[in-house]
Structure formats: C-alpha cells, structure tokens
Amino acid sequence: LPRSFIHPSTDRSLAEMASEKHFKYVILGGGVAAGYAAREFAKQGVQPGELAIISKESVAPYERPALSKGYLFPQNAARLPGFHTCVGSGGEKLLPEWYTEKGIELILSTEIVKADLASKTLTSAAGATFTYETLLIATGSSTIKLTDFGVQGAEANNILYLRDINDADKLVAAMQAKKDGKAVVVGGGYIGLELSAALKLNNFDVTMVYPEPWCMPRLFTAGIAHFYEGYYASKGINIVKGTVASGFDADANGDVAVVKLKDGRVLDANIVIVGVGGRPLTGLFKGQVDEEKGGLKTDTFFETSVAGVYAIGDVASFPMKLYNEPRRVEHVDHARKSAEQAVKAIKAKESGETVAEYDYLPYFYSRSFDIAWQFYGDNVGESVLFGDNDPAAAKAKFGTYWVKDGKVVGVFLEGGSADENQAIAKVARAQPPASDLEALGKEG
C-alpha cells in the first residue's frame, strides 16, 4: 500500500500490523495442560481458526512425566511422537497433524515476552503480536537453577536440569558421552529419585545429595522414606543427606569434574543433575491479576480476577473444595483436569450454561526400578504406618494413613494393585472416622 492509503491515525508500521494475528482463544504455554485443553476445545466443537497454542517449545504438547522415566531407559527408550498428549491418561495421541485437522494453530518456538491483559495483546521476543478474546495461561513452571544463586562453578558443562525435551536430549547426550561414569544428583525430591534410578539403569555410579533428613520430605514421613532410601542403597546408589552442593570444579574442557559439598566432602562427577524445585511462571502477569500462594488466583472455573483470562496447571491457585482452602498443585493429574474444567467453563459461559465446581482430590504417584507408589488426599495430621516397610522385603507392600481431627485425610500405598489404588482414592475422598490409630496400623 502506498503511504497515502493509510489512515493518518495509525502509528504502527505495516510490518507490525502484518505480523498481528487474532484468535478467539489463545492457550499460552505448550505443556500437558495445553494439550488437554486443546482436546477439550475440539470435543466442545471449536471452529477452525478460533484457537491457537503459543509455545516456546519446538514440538507439540507432550506428556512431561515421560522425560524422567521412559525417555532415559537404556533399551526401547520413549521418543516423540510416542508420548504426545493425551496418551498419558489412556487417551488419543494428538500428533501435530491432529491440530492441523482441527484447525488449531500451533505457534511453536515462540516466546512471549509481554502480556498486556487490558488490550488483550501478547508480544513475542521476535516482535510479533497476538490478540485474543479469551486467554488460558498454561505457562507451567521453570526450573530453579544453581546459577540463580551464584553457586561457584555452576555454569560448567554437564550440570543439567530436567524440565523439557531439550533438557532430556542434553541429558541423553551427556550420558552417552560420559558412558559408565559418575553421576551426582542434587536434590531428594521427585526428579532426584526418578533420575537416580534412570542413571543407575544406565550403569552410572550414582550419588544423591540433599539437605533434608530424608528424601521427598514434602510428602514422605520418616517411615516411608526408610523404605526408599534402603531400596535405593540396595541398588548401589550412594545417599548423602544433610548437606548441599556449594561449588563445582571443571576440567580443561569445561566439563564438570568435582562437586564440593558444604560439609567439606568432595565428590567426583562426570554428570550432575539438579532437581531442587520449580517456580510457577507468572512474571508476565505481575500487577495485572490477583495472586495467591505464589500463583495466579482463580475461581473454581479457573478464571482469574480479569474476566476472560484463565489460569490452569502449575500457575493456578484455586479453591480446593475438599479442604475449603486455596491450593496450588504442581502435578500432571491436576494439569490435565484443570485444563478440561477451564475449557468446559469457557464454553458453558458462552451458551449461558454452568458447569460443576472443580472438586479435586490431590493425587501424586511415582515409578522407579520395579516399585511404584500412589498417594491421595492431604498429608496432614498424625501419620500411621501399616504393612512392611523393610527395604529388603521380597515384594514390598506398605502404606501410611494421615489422620486429622479423627478422620483419615490422606493415604499412601507402595506396591498396590489397580483395585487397591482405587480403594485408597475412595478412602481419601470419603474421609472415614478413625479413632483408634493403633488398630488402623495393625489392620492396614
């Protein structure tokens, strides 16, 4: 267009206008929640061109738990397209073609650096702008890095983290380059336990280091941790508790060679994996929406304090009906379910209908080696151990109840069958009375 054709009131260049795209719905983030939200939109009958997913990742949404499990197996390792959403919950695998068929735009390798909720505009690092009518914030969490705290030497090569598929590929490459070497895992939570097992299966000499008195302290009691620490030790994993990594030395190539611990000990290492937690990615929305418990405050339909803006998965702080208080939950199960709830609520609102309140039962699980546990409910109150938590047991089966105000509010079970796991979920939701803790422990 010649300049004279442009209305004088416009102050934006043609290039900027050309790169602006408008969608009825935008999902910001391309993780688990995004994949499940897209599936629900398709189920509800989204029209071609109405929905876009904007993701800084270069691949369509996938089941993140695969990265710390199947992706690292020495044989028959999981690879994309094998674990795109929604295969993790027994659903259809949504390949990139699926999005094309449904007319859903996948805008990949695109990092949004500015979100202006008042003008409903998102701006990418490359300067492209996207406008929307309804926004679903599904940005998830970022990994806490040792470089964030200025830990000496933390920028050495092969000090790795695990959040996305790029991280997993770096880890696989490092495992191949440092075959049968020494690995130090910093952190005793989910990532620490699952990756220690994966490294051991790949024939690494593994040492776990964490500051707490036992592993997974946010969920495990001392009695539960006793089993896993003993089991890991029996697999040849060294455990160093009560201290942290305070520095690293690198070799001439810049690869990590030594981990220095705060208690003065020094460990040789060819690979270091750090799993010390995550932070919800809410920075783009600071000062624009109400926050609570480190997340974006939502109602039971996952709508934030700004109309038409929803938050799902890790970033949402929502009213947990079962415990009558706001909670923020970082787990794949909630990412899936909150995504479905938000989309149902969005579509219901458009047609003047309502959906049921979100009534979430917290659920966590893990698998490593040939053991697997599940947990439902809330781990508060007094804990009651039942079964045999001896790490040397041939086929481990034990659990723990949490009892608060005379009611069972949470249940943990290692080695349960599918039926038993369903049963503990029922108990955690029903919260039956339990006055005699001793009998509860004996009966299991």
# chains A, B, ... in the order shown; residues from 1 in each chain; ligands from 1
$ residues_around --residues "range 205-222 of chain A" --least-positions-apart "6" --cutoff "8 Å" --atoms "only C-alpha atoms" --output "PyMOL selection string"
chain A and resi 180-190+192+196+199+229+236-245+379+383
$ select_by_dssp --residues "range 121-366 of chain A" --states "strand (DSSP E)" --output "PyMOL selection string"
chain A and resi 121-124+129-137+141-143+159-160+182-186+205-210+238-241+245-250+256-261+266-268+271-274+278-280+291-292+295-297+309-311+316-320+325-328+363-366
$ select_by_dssp --residues "range 154-282 of chain A" --states "helix (DSSP H, G or I)" --output "MDAnalysis selection string"
chainID A and resid 165:177 190:201 222:234
$ atom_distance --atom1 "CA of Leu296 in chain A" --atom2 "CA of Ser317 in chain A"
5.6 Å
$ closest_residue --among "A:Gly387, A:Gly441, A:Pro433, A:Gly399" --to "Asn421 in chain A" --atoms "only C-alpha atoms"
A:Gly399
$ residues_around --residues "Leu385 in chain A" --least-positions-apart "5" --cutoff "12 Å" --atoms "only C-alpha atoms" --output "JSON, numbers by chain"
{"A": [220, 221, 222, 223, 224, 225, 226, 227, 390, 397, 398, 399, 400, 401, 402, 403, 410, 411, 412, 413, 414, 437, 438, 439, 440, 441, 442, 443, 444]}
$ closest_residue --among "A:Asp268, A:Asp333, A:Glu105, A:Glu92" --to "Pro65 in chain A" --atoms "only C-alpha atoms"
A:Asp333
$ closest_atom_pairs --of "range 164-219 of chain A" --to "range 354-373 of chain A" --cutoff "9 Å" --atoms "only C-alpha atoms" --output "Markdown table"
| residue | atom | partner | partner_atom | distance |
| --- | --- | --- | --- | --- |
| A:Tyr190 | CA | A:Ser366 | CA | 7.7 |
| A:Leu193 | CA | A:Ser368 | CA | 7.8 |
| A:Glu194 | CA | A:Ser368 | CA | 5.9 |
| A:Leu195 | CA | A:Ser368 | CA | 8.7 |
| A:Ala197 | CA | A:Ser368 | CA | 6.0 |
| A:Ala198 | CA | A:Ser368 | CA | 7.7 |
| A:Leu201 | CA | A:Phe369 | CA | 8.0 |
$ write_last_selection --atoms "N, CA and C atoms" --output "PDB file, in the first residue's frame"
ATOM      1  N   TYR A 190      11.153 -35.560  43.673  1.00  0.00           N
ATOM      2  CA  TYR A 190      10.727 -36.336  42.505  1.00  0.00           C
ATOM      3  C   TYR A 190      11.854 -36.568  41.513  1.00  0.00           C
ATOM      4  N   LEU A 193      14.850 -38.653  42.822  1.00  0.00           N
ATOM      5  CA  LEU A 193      14.602 -40.095  42.946  1.00  0.00           C
ATOM      6  C   LEU A 193      14.442 -40.766  41.587  1.00  0.00           C
ATOM      7  N   GLU A 194      13.686 -40.142  40.697  1.00  0.00           N
ATOM      8  CA  GLU A 194      13.440 -40.785  39.400  1.00  0.00           C
ATOM      9  C   GLU A 194      14.700 -40.794  38.533  1.00  0.00           C
ATOM     10  N   LEU A 195      15.475 -39.702  38.564  1.00  0.00           N
ATOM     11  CA  LEU A 195      16.678 -39.658  37.721  1.00  0.00           C
ATOM     12  C   LEU A 195      17.813 -40.495  38.293  1.00  0.00           C
ATOM     13  N   ALA A 197      17.416 -43.340  39.694  1.00  0.00           N
ATOM     14  CA  ALA A 197      17.079 -44.687  39.218  1.00  0.00           C
ATOM     15  C   ALA A 197      17.430 -44.830  37.740  1.00  0.00           C
ATOM     16  N   ALA A 198      17.093 -43.812  36.925  1.00  0.00           N
ATOM     17  CA  ALA A 198      17.367 -43.877  35.485  1.00  0.00           C
ATOM     18  C   ALA A 198      18.871 -43.954  35.214  1.00  0.00           C
ATOM     19  N   LEU A 201      20.144 -47.409  36.022  1.00  0.00           N
ATOM     20  CA  LEU A 201      19.791 -48.359  34.962  1.00  0.00           C
ATOM     21  C   LEU A 201      20.736 -48.220  33.766  1.00  0.00           C
TER      22      LEU A 201
END
$ residues_around --residues "range 160-165 of chain A" --least-positions-apart "3" --cutoff "6 Å" --atoms "only C-alpha atoms" --output "PyMOL selection string"
chain A and resi 168+273-274
$ write_last_selection --atoms "N, CA and C atoms" --output "compact mmCIF listing (two decimals), in the first residue's frame"
# COMPACT_ATOMS: atom_id res chain seq x y z
N ALA A 168 16.04 -33.06 28.28
CA ALA A 168 16.15 -34.53 28.23
C ALA A 168 17.16 -34.95 27.17
N ILE A 273 23.08 -33.75 37.95
CA ILE A 273 21.69 -33.38 37.66
C ILE A 273 21.13 -32.70 38.89
N VAL A 274 20.52 -31.54 38.66
CA VAL A 274 19.99 -30.74 39.75
C VAL A 274 18.46 -30.76 39.68
$ closest_residue --among "A:Leu136, A:Gly230, A:Asn76, A:Asp378" --to "Thr298 in chain A" --atoms "only C-alpha atoms"
A:Leu136
$ atom_distance --atom1 "CA of Val172 in chain A" --atom2 "CA of Asn157 in chain A"
13.8 Å
$ closest_residue --among "A:Tyr71, A:Phe386, A:Phe83, A:Phe301" --to "Asp167 in chain A" --atoms "only C-alpha atoms"
A:Tyr71
$ residues_around --residues "Cys86 in chain A" --least-positions-apart "2" --cutoff "9 Å" --atoms "only C-alpha atoms" --output "PyMOL selection string"
chain A and resi 32+35-36+39+61-63+83-84+88-94+336
$ write_last_selection --atoms "C-alpha atoms" --output "PDB file, in the first residue's frame"
ATOM      1  CA  VAL A  32       0.483 -31.008  29.408  1.00  0.00           C
ATOM      2  CA  GLY A  35      -2.643 -30.487  25.117  1.00  0.00           C
ATOM      3  CA  TYR A  36      -5.583 -31.463  27.310  1.00  0.00           C
ATOM      4  CA  ARG A  39      -8.542 -31.808  23.183  1.00  0.00           C
ATOM      5  CA  PRO A  61       2.354 -30.728  23.622  1.00  0.00           C
ATOM      6  CA  TYR A  62       3.589 -33.969  25.197  1.00  0.00           C
ATOM      7  CA  GLU A  63       3.307 -35.894  28.459  1.00  0.00           C
ATOM      8  CA  PHE A  83       4.171 -39.642  24.116  1.00  0.00           C
ATOM      9  CA  HIS A  84       2.298 -36.624  22.794  1.00  0.00           C
ATOM     10  CA  GLY A  88      -0.576 -40.471  29.317  1.00  0.00           C
ATOM     11  CA  SER A  89      -4.139 -40.860  30.563  1.00  0.00           C
ATOM     12  CA  GLY A  90      -5.124 -43.523  28.060  1.00  0.00           C
ATOM     13  CA  GLY A  91      -6.425 -41.028  25.502  1.00  0.00           C
ATOM     14  CA  GLU A  92      -5.750 -40.398  21.830  1.00  0.00           C
ATOM     15  CA  LYS A  93      -2.240 -39.302  20.871  1.00  0.00           C
ATOM     16  CA  LEU A  94      -2.531 -35.776  19.463  1.00  0.00           C
ATOM     17  CA  ARG A 336      -4.916 -32.364  32.830  1.00  0.00           C
TER      18      ARG A 336
END
$ atom_distance --atom1 "CA of Lys337 in chain A" --atom2 "CA of Ala34 in chain A"
11.1 Å
$ decode --residues "range 234-252 of chain A" --atoms "N, CA, C and O atoms" --output "CSV table (one decimal), in the first residue's frame"
chain,number,residue,atom,x,y,z
A,234,SER,N,20.3,-50.5,48.2
A,234,SER,CA,20.4,-51.9,47.8
A,234,SER,C,20.7,-52.0,46.3
A,234,SER,O,21.3,-52.9,45.8
A,235,LYS,N,20.3,-50.9,45.6
A,235,LYS,CA,20.6,-50.9,44.1
A,235,LYS,C,22.0,-50.3,43.8
A,235,LYS,O,22.3,-50.1,42.7
A,236,GLY,N,22.7,-49.9,44.9
A,236,GLY,CA,24.0,-49.4,44.7
A,236,GLY,C,24.1,-47.9,44.6
A,236,GLY,O,25.1,-47.3,44.2
A,237,ILE,N,23.0,-47.2,45.0
A,237,ILE,CA,23.0,-45.7,44.9
A,237,ILE,C,23.5,-45.2,46.3
A,237,ILE,O,23.0,-45.6,47.3
A,238,ASN,N,24.5,-44.3,46.2
A,238,ASN,CA,25.0,-43.7,47.5
A,238,ASN,C,24.1,-42.5,47.9
A,238,ASN,O,23.8,-41.7,47.0
A,239,ILE,N,23.8,-42.4,49.1
A,239,ILE,CA,23.0,-41.3,49.6
A,239,ILE,C,23.7,-40.4,50.6
A,239,ILE,O,24.2,-41.0,51.6
A,240,VAL,N,23.8,-39.1,50.3
A,240,VAL,CA,24.5,-38.2,51.3
A,240,VAL,C,23.4,-37.2,51.7
A,240,VAL,O,22.9,-36.4,50.9
A,241,LYS,N,23.1,-37.2,53.0
A,241,LYS,CA,22.0,-36.4,53.5
A,241,LYS,C,22.5,-35.2,54.3
A,241,LYS,O,23.7,-35.3,54.8
A,242,GLY,N,21.7,-34.2,54.5
A,242,GLY,CA,22.1,-33.1,55.4
A,242,GLY,C,23.1,-32.1,55.0
A,242,GLY,O,23.7,-31.4,55.7
A,243,THR,N,23.3,-32.1,53.6
A,243,THR,CA,24.3,-31.1,53.1
A,243,THR,C,23.9,-30.7,51.7
A,243,THR,O,23.0,-31.4,51.1
A,244,VAL,N,24.5,-29.7,51.2
A,244,VAL,CA,24.2,-29.2,49.8
A,244,VAL,C,25.4,-29.0,49.0
A,244,VAL,O,26.5,-29.0,49.5
A,245,ALA,N,25.2,-28.9,47.7
A,245,ALA,CA,26.4,-28.6,46.8
A,245,ALA,C,26.7,-27.2,46.9
A,245,ALA,O,25.9,-26.3,46.7
A,246,SER,N,28.0,-26.9,47.3
A,246,SER,CA,28.4,-25.5,47.5
A,246,SER,C,29.3,-25.0,46.4
A,246,SER,O,29.5,-23.8,46.3
A,247,GLY,N,29.7,-25.9,45.5
A,247,GLY,CA,30.6,-25.4,44.4
A,247,GLY,C,31.0,-26.6,43.5
A,247,GLY,O,30.8,-27.7,43.8
A,248,PHE,N,31.5,-26.2,42.3
A,248,PHE,CA,31.9,-27.2,41.3
A,248,PHE,C,33.2,-26.9,40.7
A,248,PHE,O,33.5,-25.7,40.5
A,249,ASP,N,34.0,-27.9,40.3
A,249,ASP,CA,35.2,-27.6,39.6
A,249,ASP,C,35.0,-28.3,38.2
A,249,ASP,O,34.4,-29.4,38.1
A,250,ALA,N,35.6,-27.7,37.2
A,250,ALA,CA,35.5,-28.3,35.8
A,250,ALA,C,36.9,-28.7,35.4
A,250,ALA,O,37.9,-28.3,35.9
A,251,ASP,N,36.9,-29.6,34.4
A,251,ASP,CA,38.2,-30.0,33.8
A,251,ASP,C,38.6,-29.0,32.6
A,251,ASP,O,37.9,-28.0,32.4
A,252,ALA,N,39.6,-29.3,31.9
A,252,ALA,CA,40.2,-28.4,30.9
A,252,ALA,C,39.1,-28.1,29.8
A,252,ALA,O,39.2,-27.1,29.2
